[in-house]
$ cat work.txt   # compact mmCIF, C-alpha atoms and all ligand atoms
# COMPACT_ATOMS: atom_id res chain seq x y z
CA MET A 1 -103.58 -158.61 56.41
CA LYS A 2 -103.43 -162.39 56.28
CA ILE A 3 -102.42 -164.59 53.38
CA GLN A 4 -104.57 -167.68 52.83
CA LEU A 5 -102.90 -170.27 50.62
CA ALA A 6 -105.52 -172.08 48.49
CA LEU A 7 -104.63 -175.68 47.66
CA ASP A 8 -106.52 -176.95 44.63
CA ARG A 9 -106.22 -179.65 41.98
CA LEU A 10 -103.48 -181.51 43.88
CA THR A 11 -103.18 -184.77 45.79
CA ILE A 12 -103.30 -184.43 49.57
CA GLN A 13 -99.56 -185.12 49.80
CA GLU A 14 -98.73 -182.59 47.07
CA ALA A 15 -100.87 -180.03 48.89
CA ILE A 16 -99.04 -180.65 52.18
CA ASN A 17 -95.62 -180.48 50.47
CA ILE A 18 -96.49 -177.16 48.84
CA ALA A 19 -97.87 -175.71 52.08
CA LYS A 20 -94.67 -176.75 53.91
CA LYS A 21 -92.56 -174.83 51.40
CA ALA A 22 -94.79 -171.75 51.69
CA GLU A 23 -95.41 -172.08 55.45
CA ALA A 24 -93.17 -169.24 56.64
CA SER A 25 -94.93 -166.67 54.46
CA ILE A 26 -98.58 -167.66 54.80
CA ASP A 27 -101.13 -167.48 57.61
CA TRP A 28 -104.15 -169.63 56.77
CA ILE A 29 -104.24 -172.82 54.69
CA GLU A 30 -107.24 -173.55 52.51
CA VAL A 31 -108.18 -177.10 51.64
CA GLY A 32 -109.64 -176.23 48.25
CA THR A 33 -113.06 -177.32 47.00
CA SER A 34 -111.38 -179.62 44.48
CA LEU A 35 -109.47 -181.49 47.23
CA ILE A 36 -112.62 -181.89 49.31
CA LYS A 37 -114.54 -183.16 46.26
CA GLU A 38 -111.81 -185.58 45.26
CA PHE A 39 -110.60 -186.84 48.64
CA GLY A 40 -113.33 -185.91 51.09
CA MET A 41 -112.82 -185.13 54.78
CA GLU A 42 -109.50 -186.94 54.79
CA SER A 43 -108.00 -183.95 52.96
CA ILE A 44 -109.04 -181.63 55.81
CA TYR A 45 -107.94 -184.07 58.49
CA GLU A 46 -104.51 -184.64 56.92
CA VAL A 47 -103.81 -180.96 56.30
CA LYS A 48 -104.81 -180.00 59.86
CA ASN A 49 -102.68 -182.85 61.17
CA ALA A 50 -99.68 -181.55 59.20
CA PHE A 51 -100.26 -177.95 60.35
CA PRO A 52 -101.87 -178.06 63.80
CA HIS A 53 -100.84 -174.46 64.54
CA LYS A 54 -102.28 -172.93 61.35
CA TYR A 55 -105.89 -172.00 60.69
CA VAL A 56 -107.26 -174.50 58.19
CA VAL A 57 -110.07 -173.31 55.92
CA ALA A 58 -112.37 -175.98 54.47
CA ASP A 59 -113.59 -174.47 51.20
CA ILE A 60 -116.63 -176.72 51.05
CA LYS A 61 -118.81 -173.99 49.47
CA THR A 62 -121.95 -175.26 51.19
CA ILE A 63 -125.24 -174.28 49.54
CA ASP A 64 -127.55 -176.81 51.27
CA ASN A 65 -127.31 -179.54 53.91
CA ALA A 66 -125.54 -177.10 56.21
CA LYS A 67 -125.67 -179.03 59.49
CA TYR A 68 -124.13 -182.12 57.95
CA GLU A 69 -121.52 -180.42 55.77
CA PHE A 70 -120.29 -177.89 58.34
CA GLY A 71 -120.41 -180.55 61.07
CA ILE A 72 -118.12 -182.95 59.21
CA CYS A 73 -115.68 -180.17 58.29
CA TYR A 74 -115.32 -179.04 61.91
CA GLN A 75 -115.10 -182.62 63.08
CA ALA A 76 -112.26 -183.19 60.59
CA GLY A 77 -110.35 -180.28 62.16
CA ALA A 78 -111.28 -177.24 60.05
CA ASP A 79 -111.12 -173.90 61.83
CA ILE A 80 -113.16 -172.15 59.14
CA ALA A 81 -115.75 -173.47 56.68
CA THR A 82 -117.23 -171.71 53.66
CA VAL A 83 -120.84 -171.23 52.60
CA MET A 84 -122.15 -169.60 49.42
CA GLY A 85 -123.78 -166.21 49.96
CA VAL A 86 -126.46 -167.14 47.42
CA SER A 87 -127.66 -169.99 49.68
CA PRO A 88 -131.15 -169.98 51.17
CA GLN A 89 -131.38 -168.08 54.45
CA ALA A 90 -132.13 -171.35 56.28
CA THR A 91 -128.74 -172.68 55.16
CA LEU A 92 -126.86 -169.53 56.13
CA HIS A 93 -128.55 -169.45 59.57
CA MET A 94 -127.71 -173.10 60.13
CA CYS A 95 -124.06 -172.61 59.12
CA TYR A 96 -123.81 -169.62 61.44
CA ASP A 97 -125.36 -171.49 64.38
CA ILE A 98 -123.15 -174.55 63.95
CA THR A 99 -120.10 -172.34 63.63
CA GLN A 100 -120.96 -170.56 66.89
CA LYS A 101 -121.57 -173.89 68.65
CA TRP A 102 -118.18 -175.23 67.54
CA ASP A 103 -116.56 -171.86 68.33
CA LYS A 104 -115.18 -171.69 64.78
CA MET A 105 -115.34 -169.13 62.00
CA MET A 106 -117.53 -169.02 58.89
CA MET A 107 -116.53 -167.54 55.55
CA ILE A 108 -119.26 -166.40 53.18
CA ASP A 109 -118.34 -166.62 49.50
CA LEU A 110 -119.92 -163.63 47.75
CA LEU A 111 -119.64 -165.18 44.28
CA ASN A 112 -122.57 -164.06 42.12
CA THR A 113 -124.26 -162.09 44.91
CA THR A 114 -125.91 -158.73 44.31
CA GLN A 115 -125.35 -155.69 46.54
CA GLU A 116 -128.84 -156.31 47.91
CA THR A 117 -127.95 -159.87 48.91
CA GLN A 118 -124.64 -158.71 50.38
CA GLN A 119 -126.45 -156.18 52.51
CA LYS A 120 -128.69 -158.95 53.89
CA LEU A 121 -125.62 -161.12 54.58
CA ALA A 122 -124.07 -158.40 56.72
CA ILE A 123 -126.16 -159.61 59.69
CA TYR A 124 -123.66 -162.49 60.05
CA ASN A 125 -121.26 -160.05 61.62
CA LYS A 126 -118.77 -162.62 62.88
CA ALA A 127 -118.24 -164.06 59.39
CA VAL A 128 -115.50 -163.29 56.87
CA PHE A 129 -117.00 -161.97 53.60
CA CYS A 130 -115.08 -163.16 50.57
CA HIS A 131 -115.18 -161.24 47.29
CA HIS A 132 -114.47 -163.96 44.75
CA LEU A 133 -113.69 -163.88 41.04
CA SER A 134 -114.45 -167.41 39.86
CA LYS A 135 -112.17 -169.61 37.78
CA ASP A 136 -114.68 -169.65 34.94
CA GLU A 137 -115.02 -165.86 34.93
CA GLN A 138 -111.22 -165.57 34.93
CA GLU A 139 -110.94 -167.97 32.02
CA ILE A 140 -113.58 -166.18 29.97
CA GLY A 141 -113.06 -162.55 30.98
CA GLY A 142 -109.44 -162.55 32.13
CA LYS A 143 -108.11 -161.56 35.53
CA SER A 144 -108.83 -157.93 34.68
CA SER A 145 -112.55 -158.73 34.91
CA ARG A 146 -112.09 -157.94 38.59
CA SER A 147 -112.53 -154.21 39.08
CA TYR A 148 -112.99 -153.67 42.80
CA THR A 149 -112.67 -150.14 43.99
CA ASN A 150 -113.93 -150.92 47.47
CA LEU A 151 -114.21 -154.17 49.41
CA ARG A 152 -116.17 -152.61 52.26
CA ALA A 153 -119.54 -151.27 51.31
CA PRO A 154 -121.04 -149.31 54.24
CA PHE A 155 -122.89 -152.44 55.44
CA PHE A 156 -119.56 -154.31 55.70
CA GLU A 157 -118.04 -151.56 57.85
CA GLY A 158 -116.23 -153.26 60.74
CA ALA A 159 -116.62 -156.72 59.14
CA LYS A 160 -113.77 -158.95 58.04
CA VAL A 161 -113.39 -159.12 54.26
CA ALA A 162 -111.36 -161.38 52.00
CA VAL A 163 -110.56 -161.37 48.31
CA ALA A 164 -109.95 -164.39 46.05
CA GLY A 165 -109.56 -165.50 42.48
CA GLY A 166 -106.51 -165.24 40.28
CA VAL A 167 -104.59 -162.94 42.63
CA ASN A 168 -101.05 -162.43 41.36
CA LEU A 169 -98.17 -160.15 42.35
CA GLU A 170 -99.39 -157.45 39.99
CA THR A 171 -103.00 -157.37 41.22
CA MET A 172 -101.79 -157.78 44.81
CA SER A 173 -100.48 -154.20 44.81
CA SER A 174 -103.84 -152.64 44.05
CA LEU A 175 -105.76 -155.12 46.21
CA SER A 176 -103.51 -154.38 49.20
CA LEU A 177 -104.54 -150.75 49.01
CA LEU A 178 -108.15 -151.86 49.60
CA THR A 179 -106.91 -153.42 52.87
CA PRO A 180 -108.70 -156.78 52.87
CA ASP A 181 -108.27 -158.75 56.09
CA VAL A 182 -107.43 -161.87 54.08
CA VAL A 183 -105.95 -162.27 50.59
CA ILE A 184 -106.53 -165.73 49.14
CA ILE A 185 -103.82 -166.90 46.75
CA GLY A 186 -103.83 -170.23 44.92
CA SER A 187 -102.18 -170.87 41.56
CA SER A 188 -99.76 -167.94 41.75
CA ILE A 189 -98.04 -169.83 44.57
CA THR A 190 -98.95 -173.49 43.97
CA LYS A 191 -97.87 -173.39 40.31
CA ALA A 192 -94.71 -171.36 40.87
CA LYS A 193 -91.35 -172.96 40.06
CA ASP A 194 -90.03 -171.84 43.44
CA ILE A 195 -92.92 -172.06 45.92
CA GLU A 196 -90.99 -170.62 48.87
CA LYS A 197 -89.82 -167.62 46.86
CA ALA A 198 -93.28 -166.99 45.38
CA ALA A 199 -94.96 -167.05 48.80
CA ALA A 200 -92.25 -164.78 50.24
CA ALA A 201 -92.78 -162.30 47.39
CA PHE A 202 -96.46 -161.96 48.33
CA LYS A 203 -95.60 -161.48 52.00
CA ASN A 204 -93.00 -158.84 51.11
CA LYS A 205 -95.50 -157.06 48.92
CA ILE A 206 -97.87 -156.72 51.88
CA GLU A 207 -95.11 -155.58 54.18
CA ASP A 208 -93.85 -153.02 51.62
CA LYS A 209 -97.30 -151.48 51.56
CA GLY A 210 -97.16 -151.22 55.34
CA ALA A 211 -100.51 -152.95 55.39
CA VAL A 212 -99.75 -155.67 57.93
CA LYS A 213 -102.29 -155.83 60.74
O1 LIG A 301 -112.07 -170.80 45.62
C1 LIG A 301 -111.26 -171.04 44.78
C2 LIG A 301 -111.68 -171.71 43.55
O2 LIG A 301 -113.06 -171.91 43.55
C3 LIG A 301 -109.80 -170.73 45.02
O3 LIG A 301 -109.51 -170.89 46.34
C4 LIG A 301 -109.48 -169.30 44.68
O4 LIG A 301 -109.92 -169.03 43.36
C5 LIG A 301 -107.98 -169.07 44.79
O5 LIG A 301 -107.28 -169.75 43.79
P1 LIG A 301 -106.58 -169.02 42.55
O6 LIG A 301 -105.68 -167.96 43.11
O7 LIG A 301 -105.84 -170.11 41.82
O8 LIG A 301 -107.69 -168.42 41.72
$ encode --input "work.txt" --output "structure tokens" --more "lines below"
Ligand SMILES: O=C(CO)[C@H](O)[C@H](O)COP(=O)(O)O
Amino acid sequence: MKIQLALDRLTIQEAINIAKKAEASIDWIEVGTSLIKEFGMESIYEVKNAFPHKYVVADIKTIDNAKYEFGICYQAGADIATVMGVSPQATLHMCYDITQKWDKMMMIDLLNTTQETQQKLAIYNKAVFCHHLSKDEQEIGGKSSRSYTNLRAPFFEGAKVAVAGGVNLETMSSLSLLTPDVVIIGSSITKAKDIEKAAAAFKNKIEDKGAVK
């Protein structure tokens, strides 16, 4: 199980400083949507430059204009780029094709998708499928509005799955039991008083569960 550190609502330098403190306990580094919106491709370029040996995820959340958006993310050094599962099929196909051409990895954000849509998305079998509880849903419904009992519906059997949105040490225990391939953690690490300690606590939690792959 990998830990993806999500860097949001920070300057590029703050994001790099936080990732450096957490580095020993995390696997992938996400340049959050907010950084990409505020600072553009420079945020991806600078983060990859600071961490050339880590996978850098560009959380661009593409929903149209796939060729352009995925192209500039990969050009800036991203190893993974994200597309919304609710996108038109033409967009998803394009993202998948570009990802294959660049020999990179695509993450599909399942936010607001139905089971029926998810089943159709399963054809992108080299993608990572991310179950995502959005910020707005967290703010309105609370973190308990997530009630996953299974991250792998039969059509996701053998696929890589991720989980994101308000993950904290408490929810991490139950999520670990569902054995996602990637757990995406943002604020619980980036807003912690002691970043290094917070990131290490998540890593220990995974190791305690014996769920490391
Ligand atoms: O995609 C995101 C926001 O759209 C974040 O990456 C994700 O929600 C993780 O951050 P946090 O743990 O703070 O919720």
$ residues_around --input "work.txt" --residues "Ser25 of chain A" --least-positions-apart "5" --cutoff "9 Å" --atoms "only C-alpha atoms" --output "PyMOL selection string"
chain A and resi 3+196+199-204
$ atom_distance --input "work.txt" --atom1 "atom CA of Ile98 of chain A" --atom2 "atom CA of Ile60 of chain A"
14.6 Å
$ atom_distance --input "work.txt" --atom1 "atom CA of Lys160 of chain A" --atom2 "atom CA of Ala192 of chain A"
28.5 Å
$ residues_around --input "work.txt" --residues "segment 34-45 of chain A" --least-positions-apart "5" --cutoff "9 Å" --atoms "all atoms listed in the file" --output "list of chain:residue names"
A:Leu7, A:Asp8, A:Arg9, A:Leu10, A:Thr11, A:Ile12, A:Ala15, A:Ala50, A:Val56, A:Val57, A:Ala58, A:Asp59, A:Ile60, A:Ile72, A:Cys73, A:Gln75, A:Ala76, A:Gly77, A:Ala78
$ residues_near_ligand --input "work.txt" --ligand "ligand LIG 301 (chain A)" --cutoff "7 Å" --atoms "all atoms listed in the file" --output "ChimeraX atom specification"
/A:6-8,32-33,59,132-135,164-167,184-188
$ closest_residue --input "work.txt" --among "A:Ile195, A:Leu177, A:Ile108, A:Leu121" --to "Thr149 of chain A" --atoms "only C-alpha atoms"
A:Leu177
$ atom_distance --input "work.txt" --atom1 "atom CA of Val31 of chain A" --atom2 "atom CA of Lys205 of chain A"
23.9 Å
$ closest_residue --input "work.txt" --among "A:Lys20, A:Lys104, A:Glu170, A:Ser87" --to "Thr117 of chain A" --atoms "only C-alpha atoms"
A:Ser87
$ residues_around --input "work.txt" --residues "Met107 of chain A" --least-positions-apart "2" --cutoff "9 Å" --atoms "all atoms listed in the file" --output "ChimeraX atom specification"
/A:57,59,80-84,105,109,127-130,162
$ closest_residue --input "work.txt" --among "A:Glu30, A:Leu92, A:Lys197, A:Gly85" --to "Leu110 of chain A" --atoms "all atoms listed in the file"
A:Gly85
$ closest_residue --input "work.txt" --among "A:Ala159, A:Ala122, A:Ile29, A:Ala66" --to "Asp79 of chain A" --atoms "only C-alpha atoms"
A:Ile29
$ closest_residue --input "work.txt" --among "A:Asn65, A:Asn49, A:Thr190, A:Gln13" --to "Met94 of chain A" --atoms "all atoms listed in the file"
A:Asn65
$ closest_residue --input "work.txt" --among "A:Gln138, A:Asn125, A:Asn150, A:Gln119" --to "Met106 of chain A" --atoms "all atoms listed in the file"
A:Asn125
$ residues_near_point --input "work.txt" --point "(-105.5, -162.4, 56.3)" --cutoff "8 Å" --atoms "all atoms listed in the file" --output "ChimeraX atom specification"
/A:1-4,27-28,162,180-184
$ write_last_selection --input "work.txt" --atoms "C-alpha atoms" --output "mmCIF file, in the coordinates of the input"
data_model
loop_
_atom_site.group_PDB
_atom_site.id
_atom_site.type_symbol
_atom_site.label_atom_id
_atom_site.label_comp_id
_atom_site.auth_asym_id
_atom_site.auth_seq_id
_atom_site.Cartn_x
_atom_site.Cartn_y
_atom_site.Cartn_z
ATOM 1 C CA MET A 1 -103.580 -158.610 56.410
ATOM 2 C CA LYS A 2 -103.430 -162.390 56.280
ATOM 3 C CA ILE A 3 -102.420 -164.590 53.380
ATOM 4 C CA GLN A 4 -104.570 -167.680 52.830
ATOM 5 C CA ASP A 27 -101.130 -167.480 57.610
ATOM 6 C CA TRP A 28 -104.150 -169.630 56.770
ATOM 7 C CA ALA A 162 -111.360 -161.380 52.000
ATOM 8 C CA PRO A 180 -108.700 -156.780 52.870
ATOM 9 C CA ASP A 181 -108.270 -158.750 56.090
ATOM 10 C CA VAL A 182 -107.430 -161.870 54.080
ATOM 11 C CA VAL A 183 -105.950 -162.270 50.590
ATOM 12 C CA ILE A 184 -106.530 -165.730 49.140
#
$ axis_aligned_box --input "work.txt" --around "segment 119-130 of chain A" --padding-each-side "8 Å" --output "lines of an AutoDock Vina configuration file"
center_x = -121.9
center_y = -160.1
center_z = 56.7
size_x = 29.6
size_y = 23.9
size_z = 28.3
$ build_atoms --input "work.txt" --residues "segment 58-81 of chain A" --atoms "N, CA and C atoms" --output "PDB file, in the coordinates of the input"
ATOM      1  N   ALA A  58    -111.760-174.959  55.329  1.00  0.00           N
ATOM      2  CA  ALA A  58    -112.370-175.980  54.470  1.00  0.00           C
ATOM      3  C   ALA A  58    -113.253-175.262  53.472  1.00  0.00           C
ATOM      4  N   ASP A  59    -112.797-175.202  52.216  1.00  0.00           N
ATOM      5  CA  ASP A  59    -113.590-174.470  51.200  1.00  0.00           C
ATOM      6  C   ASP A  59    -114.641-175.400  50.608  1.00  0.00           C
ATOM      7  N   ILE A  60    -115.604-175.747  51.459  1.00  0.00           N
ATOM      8  CA  ILE A  60    -116.630-176.720  51.050  1.00  0.00           C
ATOM      9  C   ILE A  60    -117.737-176.069  50.211  1.00  0.00           C
ATOM     10  N   LYS A  61    -117.812-174.752  50.256  1.00  0.00           N
ATOM     11  CA  LYS A  61    -118.810-173.990  49.470  1.00  0.00           C
ATOM     12  C   LYS A  61    -120.225-174.560  49.648  1.00  0.00           C
ATOM     13  N   THR A  62    -120.615-174.720  50.887  1.00  0.00           N
ATOM     14  CA  THR A  62    -121.950-175.260  51.190  1.00  0.00           C
ATOM     15  C   THR A  62    -123.048-174.367  50.601  1.00  0.00           C
ATOM     16  N   ILE A  63    -124.082-175.030  50.047  1.00  0.00           N
ATOM     17  CA  ILE A  63    -125.240-174.280  49.540  1.00  0.00           C
ATOM     18  C   ILE A  63    -126.543-174.928  50.031  1.00  0.00           C
ATOM     19  N   ASP A  64    -126.412-176.102  50.675  1.00  0.00           N
ATOM     20  CA  ASP A  64    -127.550-176.810  51.270  1.00  0.00           C
ATOM     21  C   ASP A  64    -126.930-177.830  52.237  1.00  0.00           C
ATOM     22  N   ASN A  65    -127.781-178.469  53.026  1.00  0.00           N
ATOM     23  CA  ASN A  65    -127.310-179.540  53.910  1.00  0.00           C
ATOM     24  C   ASN A  65    -126.248-179.028  54.895  1.00  0.00           C
ATOM     25  N   ALA A  66    -126.518-177.832  55.423  1.00  0.00           N
ATOM     26  CA  ALA A  66    -125.540-177.100  56.210  1.00  0.00           C
ATOM     27  C   ALA A  66    -125.049-177.841  57.459  1.00  0.00           C
ATOM     28  N   LYS A  67    -126.009-178.398  58.209  1.00  0.00           N
ATOM     29  CA  LYS A  67    -125.670-179.030  59.490  1.00  0.00           C
ATOM     30  C   LYS A  67    -124.673-180.176  59.252  1.00  0.00           C
ATOM     31  N   TYR A  68    -124.986-180.982  58.252  1.00  0.00           N
ATOM     32  CA  TYR A  68    -124.130-182.120  57.950  1.00  0.00           C
ATOM     33  C   TYR A  68    -122.766-181.671  57.421  1.00  0.00           C
ATOM     34  N   GLU A  69    -122.784-180.794  56.413  1.00  0.00           N
ATOM     35  CA  GLU A  69    -121.520-180.420  55.770  1.00  0.00           C
ATOM     36  C   GLU A  69    -120.594-179.635  56.700  1.00  0.00           C
ATOM     37  N   PHE A  70    -121.137-178.656  57.432  1.00  0.00           N
ATOM     38  CA  PHE A  70    -120.290-177.890  58.340  1.00  0.00           C
ATOM     39  C   PHE A  70    -119.829-178.782  59.505  1.00  0.00           C
ATOM     40  N   GLY A  71    -120.742-179.648  59.959  1.00  0.00           N
ATOM     41  CA  GLY A  71    -120.410-180.550  61.070  1.00  0.00           C
ATOM     42  C   GLY A  71    -119.218-181.437  60.738  1.00  0.00           C
ATOM     43  N   ILE A  72    -119.229-182.035  59.538  1.00  0.00           N
ATOM     44  CA  ILE A  72    -118.120-182.950  59.210  1.00  0.00           C
ATOM     45  C   ILE A  72    -116.812-182.189  58.973  1.00  0.00           C
ATOM     46  N   CYS A  73    -116.917-180.961  58.476  1.00  0.00           N
ATOM     47  CA  CYS A  73    -115.680-180.170  58.290  1.00  0.00           C
ATOM     48  C   CYS A  73    -115.030-179.850  59.636  1.00  0.00           C
ATOM     49  N   TYR A  74    -115.868-179.405  60.603  1.00  0.00           N
ATOM     50  CA  TYR A  74    -115.320-179.040  61.910  1.00  0.00           C
ATOM     51  C   TYR A  74    -114.808-180.288  62.644  1.00  0.00           C
ATOM     52  N   GLN A  75    -115.527-181.369  62.457  1.00  0.00           N
ATOM     53  CA  GLN A  75    -115.100-182.620  63.080  1.00  0.00           C
ATOM     54  C   GLN A  75    -113.737-183.085  62.522  1.00  0.00           C
ATOM     55  N   ALA A  76    -113.518-182.793  61.237  1.00  0.00           N
ATOM     56  CA  ALA A  76    -112.260-183.190  60.590  1.00  0.00           C
ATOM     57  C   ALA A  76    -111.108-182.251  60.965  1.00  0.00           C
ATOM     58  N   GLY A  77    -111.421-181.150  61.677  1.00  0.00           N
ATOM     59  CA  GLY A  77    -110.350-180.280  62.160  1.00  0.00           C
ATOM     60  C   GLY A  77    -110.319-178.889  61.545  1.00  0.00           C
ATOM     61  N   ALA A  78    -111.274-178.588  60.661  1.00  0.00           N
ATOM     62  CA  ALA A  78    -111.280-177.240  60.050  1.00  0.00           C
ATOM     63  C   ALA A  78    -111.533-176.173  61.109  1.00  0.00           C
ATOM     64  N   ASP A  79    -110.891-175.039  60.935  1.00  0.00           N
ATOM     65  CA  ASP A  79    -111.120-173.900  61.830  1.00  0.00           C
ATOM     66  C   ASP A  79    -112.147-172.950  61.220  1.00  0.00           C
ATOM     67  N   ILE A  80    -112.252-173.018  59.891  1.00  0.00           N
ATOM     68  CA  ILE A  80    -113.160-172.150  59.140  1.00  0.00           C
ATOM     69  C   ILE A  80    -113.806-173.010  58.055  1.00  0.00           C
ATOM     70  N   ALA A  81    -115.101-172.787  57.801  1.00  0.00           N
ATOM     71  CA  ALA A  81    -115.750-173.470  56.680  1.00  0.00           C
ATOM     72  C   ALA A  81    -116.473-172.415  55.846  1.00  0.00           C
TER      73      ALA A  81
END
